[in-house]
>>> print(open('upload_21.txt').read())   # compact mmCIF, C-alpha atoms
# COMPACT_ATOMS: atom_id res chain seq x y z
CA MET A 1190 -19.37 -4.39 16.25
CA LYS A 1191 -16.37 -6.59 16.97
CA ARG A 1192 -13.76 -6.14 14.25
CA SER A 1193 -10.09 -7.09 14.05
CA LEU A 1194 -7.77 -4.41 12.70
CA LEU A 1195 -4.74 -6.05 11.12
CA LEU A 1196 -1.42 -4.59 9.95
CA PHE A 1197 0.94 -6.95 8.16
CA TYR A 1198 4.64 -6.19 8.07
CA LEU A 1199 6.21 -5.85 4.67
CA PHE A 1200 7.68 -9.26 4.05
CA THR A 1201 4.61 -11.20 5.09
CA PHE A 1202 3.06 -11.53 1.64
CA LEU A 1203 -0.60 -12.49 1.85
CA PRO A 1204 -3.27 -12.60 -0.86
CA PHE A 1205 -5.86 -10.87 1.37
CA LEU A 1206 -5.83 -7.99 3.82
CA ILE A 1207 -8.56 -6.66 6.09
CA SER A 1208 -8.99 -2.94 5.64
CA CYS A 1209 -8.16 -0.89 8.69
CA THR A 1210 -8.50 2.67 9.95
CA GLN A 1211 -5.50 4.90 9.34
CA ASP A 1212 -3.86 6.90 12.08
CA ALA A 1213 -4.40 10.63 11.86
CA TYR A 1214 -1.43 12.72 10.88
CA GLU A 1215 -0.62 15.41 13.41
CA LYS A 1216 0.55 18.31 11.28
CA GLY A 1217 1.81 20.51 14.09
CA GLU A 1218 1.96 24.28 13.93
CA GLY A 1219 3.90 26.38 11.44
CA GLU A 1220 5.72 23.44 9.85
CA LEU A 1221 3.61 22.62 6.79
CA SER A 1222 6.08 24.16 4.35
CA THR A 1223 8.88 21.85 5.53
CA VAL A 1224 6.99 18.56 5.73
CA VAL A 1225 7.35 15.93 2.98
CA ALA A 1226 5.00 12.94 2.60
CA GLU A 1227 6.35 9.84 0.85
CA MET A 1228 5.85 6.08 0.68
CA ALA A 1229 8.80 4.33 2.27
CA ASP A 1230 10.16 1.18 3.88
CA GLY A 1231 10.76 1.82 7.60
CA PHE A 1232 13.30 -0.21 9.58
CA THR A 1233 13.07 -0.96 13.30
CA SER A 1234 16.13 -1.63 15.44
CA SER A 1235 16.66 -4.19 18.21
CA ASP A 1236 14.88 -1.87 20.69
CA LYS A 1237 11.79 -1.69 18.40
CA LYS A 1238 12.39 1.94 17.43
CA VAL A 1239 12.17 3.21 13.86
CA THR A 1240 15.70 4.41 13.08
CA ARG A 1241 15.80 4.74 9.28
CA PHE A 1242 13.68 4.56 6.15
CA ILE A 1243 14.13 4.32 2.38
CA THR A 1244 11.73 6.12 0.05
CA ASP A 1245 10.40 4.73 -3.23
CA ASP A 1246 12.78 7.07 -5.05
CA GLY A 1247 15.71 5.34 -3.34
CA GLU A 1248 16.57 8.07 -0.83
CA GLN A 1249 17.72 6.74 2.54
CA PHE A 1250 17.28 8.76 5.74
CA THR A 1251 18.43 8.29 9.31
CA VAL A 1252 15.64 9.22 11.72
CA SER A 1253 16.84 12.08 13.91
CA ASN A 1254 14.08 11.37 16.44
CA PRO A 1255 13.95 7.54 16.70
CA PHE A 1256 10.49 6.50 17.85
CA SER A 1257 8.29 3.53 18.71
CA SER A 1258 4.94 3.00 17.00
CA GLU A 1259 2.06 0.57 17.36
CA MET A 1260 2.12 0.42 13.57
CA MET A 1261 5.67 -0.98 13.69
CA PRO A 1262 5.73 -3.12 16.85
CA LYS A 1263 8.45 -5.72 16.14
CA ALA A 1264 12.23 -5.40 16.41
CA ASP A 1265 14.49 -5.76 13.38
CA THR A 1266 11.61 -5.67 10.91
CA VAL A 1267 10.79 -3.79 7.71
CA TYR A 1268 7.42 -2.03 7.57
CA ARG A 1269 5.60 -0.18 4.82
CA ALA A 1270 4.14 3.27 5.56
CA ILE A 1271 3.71 6.84 4.40
CA PHE A 1272 6.26 8.93 6.27
CA TYR A 1273 5.60 12.61 6.99
CA TYR A 1274 8.97 14.19 7.69
CA ALA A 1275 11.18 17.24 7.60
CA LYS A 1276 14.58 16.48 6.08
CA ASP A 1277 17.99 17.90 6.80
CA GLY A 1278 20.55 16.35 4.48
CA ASP A 1279 20.45 12.59 5.01
CA LYS A 1280 18.59 12.95 8.32
CA ALA A 1281 14.83 13.24 8.79
CA GLU A 1282 12.61 14.27 11.68
CA VAL A 1283 9.48 12.14 11.39
CA LYS A 1284 6.25 14.04 12.13
CA GLY A 1285 3.73 11.25 11.52
CA LEU A 1286 2.84 8.01 9.74
CA ASN A 1287 -0.02 6.58 7.71
CA LYS A 1288 -0.65 2.88 7.34
CA VAL A 1289 -0.04 1.15 4.02
CA MET A 1290 -1.36 -2.31 3.21
CA ALA A 1291 1.31 -4.47 1.54
CA PHE A 1292 0.64 -7.77 -0.24
CA SER A 1293 2.14 -9.56 -3.21
CA PRO A 1294 0.32 -10.52 -6.43
CA HIS A 1295 -1.14 -13.95 -5.88
CA LYS A 1296 -3.23 -16.44 -7.84
CA ILE A 1297 -6.73 -16.20 -6.33
CA ASP A 1298 -9.16 -18.97 -7.19
CA SER A 1299 -12.41 -17.31 -6.10
CA MET A 1300 -12.16 -13.77 -7.45
CA LYS A 1301 -14.26 -10.88 -6.21
CA THR A 1302 -14.21 -7.49 -7.91
CA ASP A 1303 -16.64 -5.43 -5.88
CA PRO A 1304 -16.20 -1.76 -6.85
CA VAL A 1305 -13.89 0.74 -5.14
CA LYS A 1306 -13.11 4.37 -5.83
CA LEU A 1307 -9.68 4.58 -7.44
CA GLU A 1308 -7.85 7.82 -6.69
CA SER A 1309 -4.38 7.15 -8.13
CA VAL A 1310 -1.84 4.51 -9.23
CA TRP A 1311 1.90 5.16 -9.29
CA MET A 1312 5.43 3.81 -8.89
CA GLY A 1313 8.55 5.46 -7.52
CA LYS A 1314 11.87 5.66 -9.34
CA SER A 1315 13.01 2.40 -7.77
CA ARG A 1316 10.09 0.50 -9.41
CA LYS A 1317 9.95 -1.73 -6.32
CA TYR A 1318 6.25 -1.20 -5.64
CA LEU A 1319 3.00 -0.59 -7.42
CA ASN A 1320 1.14 1.88 -5.19
CA LEU A 1321 -2.56 2.64 -5.08
CA SER A 1322 -4.71 5.15 -3.27
CA ILE A 1323 -8.30 3.90 -3.11
CA TYR A 1324 -11.48 4.63 -1.19
CA LEU A 1325 -13.40 1.77 0.38
CA ARG A 1326 -16.96 2.17 1.56
CA GLN A 1327 -17.33 1.29 5.23
CA GLY A 1328 -19.97 1.02 7.91
CA TYR A 1329 -20.63 -0.55 11.30
CA THR A 1330 -22.64 -3.72 11.66
CA ALA A 1331 -23.45 -6.20 14.42
CA ASP A 1332 -22.51 -9.06 12.08
CA ASP A 1333 -19.11 -10.41 13.15
CA GLU A 1334 -18.87 -12.29 9.86
CA ALA A 1335 -18.94 -9.08 7.81
CA VAL A 1336 -15.28 -8.60 6.84
CA GLN A 1337 -14.00 -6.57 3.90
CA ARG A 1338 -10.94 -7.91 2.08
CA ILE A 1339 -8.59 -6.61 -0.60
CA GLY A 1340 -5.79 -8.24 -2.57
CA CYS A 1341 -4.23 -8.60 -6.02
CA ASN A 1342 -4.78 -11.47 -8.43
CA ARG A 1343 -1.86 -12.47 -10.64
CA ASP A 1344 -3.61 -13.15 -13.94
CA THR A 1345 -1.51 -13.88 -17.04
CA LEU A 1346 2.00 -13.17 -18.28
CA TYR A 1347 1.86 -12.24 -21.98
CA GLN A 1348 4.72 -12.46 -24.46
CA ASN A 1349 4.40 -9.44 -26.78
CA ALA A 1350 5.33 -9.38 -30.48
CA ASP A 1351 8.31 -7.09 -29.78
CA GLY A 1352 9.79 -9.59 -27.32
CA THR A 1353 8.71 -7.77 -24.18
CA LYS A 1354 6.48 -9.30 -21.51
CA THR A 1355 3.38 -7.86 -19.87
CA LEU A 1356 1.96 -9.10 -16.58
CA ARG A 1357 -1.77 -8.59 -16.11
CA LEU A 1358 -3.07 -8.04 -12.59
CA THR A 1359 -6.60 -7.63 -11.24
CA PHE A 1360 -7.43 -5.84 -8.00
CA TYR A 1361 -9.37 -8.10 -5.64
CA HIS A 1362 -12.10 -6.61 -3.46
CA ASN A 1363 -14.73 -8.42 -1.45
CA GLN A 1364 -17.14 -6.02 0.27
CA GLY A 1365 -18.06 -8.92 2.54
CA ASP A 1366 -21.48 -7.59 3.62
CA VAL A 1367 -19.86 -4.53 5.20
CA PRO A 1368 -22.35 -1.62 4.91
CA GLU A 1369 -21.44 1.21 2.54
CA TYR A 1370 -22.21 4.26 4.67
CA TYR A 1371 -19.04 6.31 4.15
CA SER A 1372 -15.75 6.25 2.22
CA GLN A 1373 -12.34 5.65 3.77
CA ARG A 1374 -9.06 6.23 1.96
CA THR A 1375 -6.74 3.22 2.00
CA TYR A 1376 -3.17 3.06 0.70
CA VAL A 1377 -1.88 -0.15 -0.90
CA SER A 1378 1.60 -1.24 -1.98
CA ILE A 1379 2.16 -4.30 -4.16
CA PRO A 1380 5.81 -5.47 -4.10
CA LEU A 1381 7.21 -6.10 -7.57
CA THR A 1382 10.34 -7.99 -6.50
CA GLY A 1383 10.61 -11.12 -8.60
CA VAL A 1384 8.15 -9.92 -11.26
CA ASP A 1385 9.71 -10.93 -14.58
CA ALA A 1386 7.96 -8.49 -16.91
CA ASP A 1387 8.61 -5.26 -18.78
CA SER A 1388 5.19 -3.76 -18.09
CA LEU A 1389 2.07 -4.22 -15.99
CA TRP A 1390 -1.62 -3.99 -16.84
CA LEU A 1391 -3.68 -3.41 -13.71
CA THR A 1392 -7.48 -3.76 -13.86
CA VAL A 1393 -9.58 -2.20 -11.09
CA ASN A 1394 -13.36 -2.31 -10.91
CA THR A 1395 -14.61 1.11 -9.81
CA TYR A 1396 -18.05 2.61 -9.23
CA ASP A 1397 -17.60 4.25 -12.64
CA GLY A 1398 -16.70 0.99 -14.41
CA LEU A 1399 -13.49 -0.91 -15.18
CA VAL A 1400 -10.24 1.06 -15.15
CA ILE A 1401 -7.07 -0.33 -16.75
CA ARG A 1402 -3.70 1.23 -16.01
CA LYS A 1403 -0.51 0.31 -17.87
CA LEU A 1404 2.81 0.90 -16.15
CA ILE A 1405 6.33 0.42 -17.47
CA LEU A 1406 8.77 -1.44 -15.25
CA GLU A 1407 11.87 -0.47 -17.22
CA GLN A 1408 14.27 1.64 -15.21
CA HIS A 1409 15.01 5.12 -16.60
CA GLU A 1410 18.25 6.84 -15.71
>>> encode(input="upload_21.txt", output="structure tokens")
Amino acid sequence: MKRSLLLFYLFTFLPFLISCTQDAYEKGEGELSTVVAEMADGFTSSDKKVTRFITDDGEQFTVSNPFSSEMMPKADTVYRAIFYYAKDGDKAEVKGLNKVMAFSPHKIDSMKTDPVKLESVWMGKSRKYLNLSIYLRQGYTADDEAVQRIGCNRDTLYQNADGTKTLRLTFYHNQGDVPEYYSQRTYVSIPLTGVDADSLWLTVNTYDGLVIRKLILEQHE
């Protein structure tokens, strides 16, 4: 099967993303107790090496072992990923990466809500992203037109009786005739910059039915 595997850098906000295979994390030997895994924004320098990253809790680290990655191929660019690292003060030795799909909420005219398996939904202290861990069912096919897509529909902004505002979002998923032979975990980050609301209602269609998650955007000190 001929299939394009796409990774979009953070500030290219698109309504759809093609799911892609994640890179394996090489754990190494004898280091598991020191390794931390966190969602973060990674920054490349002019020589295309990842030199620093900022976690969703707002911690900033300088990479003690600057590296190049096919996941982060462009110079002077911000990328979204899960960083596996060992930290020493404000420095971090990066052990591995996992891909994260990043796309902004967008008004989608032709909605699809094919089911997914929803593992978790969360936000970091910075409230900059709505993060999801989901499982998509995958399979190989000779049909080049079979493409699976995910995204996020921006539904309605509600004004509540107490003066607060709630933005309703719906997770978009088009199975696209891709066979459902096995499940693949996929990480998603939805940037919340510019969202003028006090809370979010996210609706996801799962194999067990509709799931609605409410999240508060208010910052807590």
>>> closest_residue(input="upload_21.txt", among="A:Glu1227, A:Glu1282, A:Glu1407, A:Asp1351", to="A:Tyr1376", atoms="all atoms listed in the file")
A:Glu1227
>>> closest_residue(input="upload_21.txt", among="A:Pro1294, A:Pro1255, A:Pro1304, A:Gly1352", to="A:Lys1280", atoms="only C-alpha atoms")
A:Pro1255
>>> closest_residue(input="upload_21.txt", among="A:Asp1265, A:Cys1341, A:His1295, A:Thr1395", to="A:Tyr1324", atoms="only C-alpha atoms")
A:Thr1395
>>> residues_near_point(input="upload_21.txt", point="(16.9, 6.7, 13.3)", cutoff="6 Å", atoms="only C-alpha atoms", output="list in words")
Val1239, Thr1240, Arg1241, Thr1251, Val1252, Ser1253 and Pro1255 of chain A
>>> write_last_selection(input="upload_21.txt", atoms="C-alpha atoms", output="PDB file, in the coordinates of the input")
ATOM      1  CA  VAL A1239      12.170   3.210  13.860  1.00  0.00           C
ATOM      2  CA  THR A1240      15.700   4.410  13.080  1.00  0.00           C
ATOM      3  CA  ARG A1241      15.800   4.740   9.280  1.00  0.00           C
ATOM      4  CA  THR A1251      18.430   8.290   9.310  1.00  0.00           C
ATOM      5  CA  VAL A1252      15.640   9.220  11.720  1.00  0.00           C
ATOM      6  CA  SER A1253      16.840  12.080  13.910  1.00  0.00           C
ATOM      7  CA  PRO A1255      13.950   7.540  16.700  1.00  0.00           C
TER       8      PRO A1255
END
>>> atom_distance(input="upload_21.txt", atom1="atom CA of A:Leu1286", atom2="atom CA of A:Phe1272")
5.0 Å
>>> closest_residue(input="upload_21.txt", among="A:Arg1316, A:Lys1296, A:Lys1301, A:Lys1238", to="A:Leu1358", atoms="all atoms listed in the file")
A:Lys1296
>>> atom_distance(input="upload_21.txt", atom1="atom CA of A:Asn1363", atom2="atom CA of A:Thr1302")
6.5 Å
>>> atom_distance(input="upload_21.txt", atom1="atom CA of A:Thr1223", atom2="atom CA of A:Ala1275")
5.6 Å
>>> residues_near_point(input="upload_21.txt", point="(6.2, 2.4, -9.4)", cutoff="10 Å", atoms="all atoms listed in the file", output="list of chain:residue names")
A:Asp1245, A:Asp1246, A:Val1310, A:Trp1311, A:Met1312, A:Gly1313, A:Lys1314, A:Ser1315, A:Arg1316, A:Lys1317, A:Tyr1318, A:Leu1319, A:Asn1320, A:Leu1321, A:Ser1378, A:Ile1379, A:Pro1380, A:Leu1381, A:Leu1404, A:Ile1405, A:Leu1406, A:Gln1408
>>> residues_around(input="upload_21.txt", residues="A:Ile1339", least_positions_apart="3", cutoff="12 Å", atoms="all atoms listed in the file", output="VMD selection string")
chain A and resid 1203 to 1209 1290 to 1295 1297 1300 to 1305 1321 1323 to 1325 1336 1342 1359 to 1365 1375 to 1379 1393
>>> closest_residue(input="upload_21.txt", among="A:Thr1355, A:Val1367, A:Ser1372, A:Thr1330", to="A:Ser1388", atoms="only C-alpha atoms")
A:Thr1355
>>> axis_aligned_box(input="upload_21.txt", around="stretch 1250-1268 of chain A", padding_each_side="4 Å", output="JSON")
{"center_x": 10.2, "center_y": 3.2, "center_z": 12.2, "size_x": 24.4, "size_y": 25.8, "size_z": 21.0}
>>> closest_residue(input="upload_21.txt", among="A:Ser1257, A:Lys1306, A:Lys1263, A:Gly1285", to="A:Val1400", atoms="all atoms listed in the file")
A:Lys1306
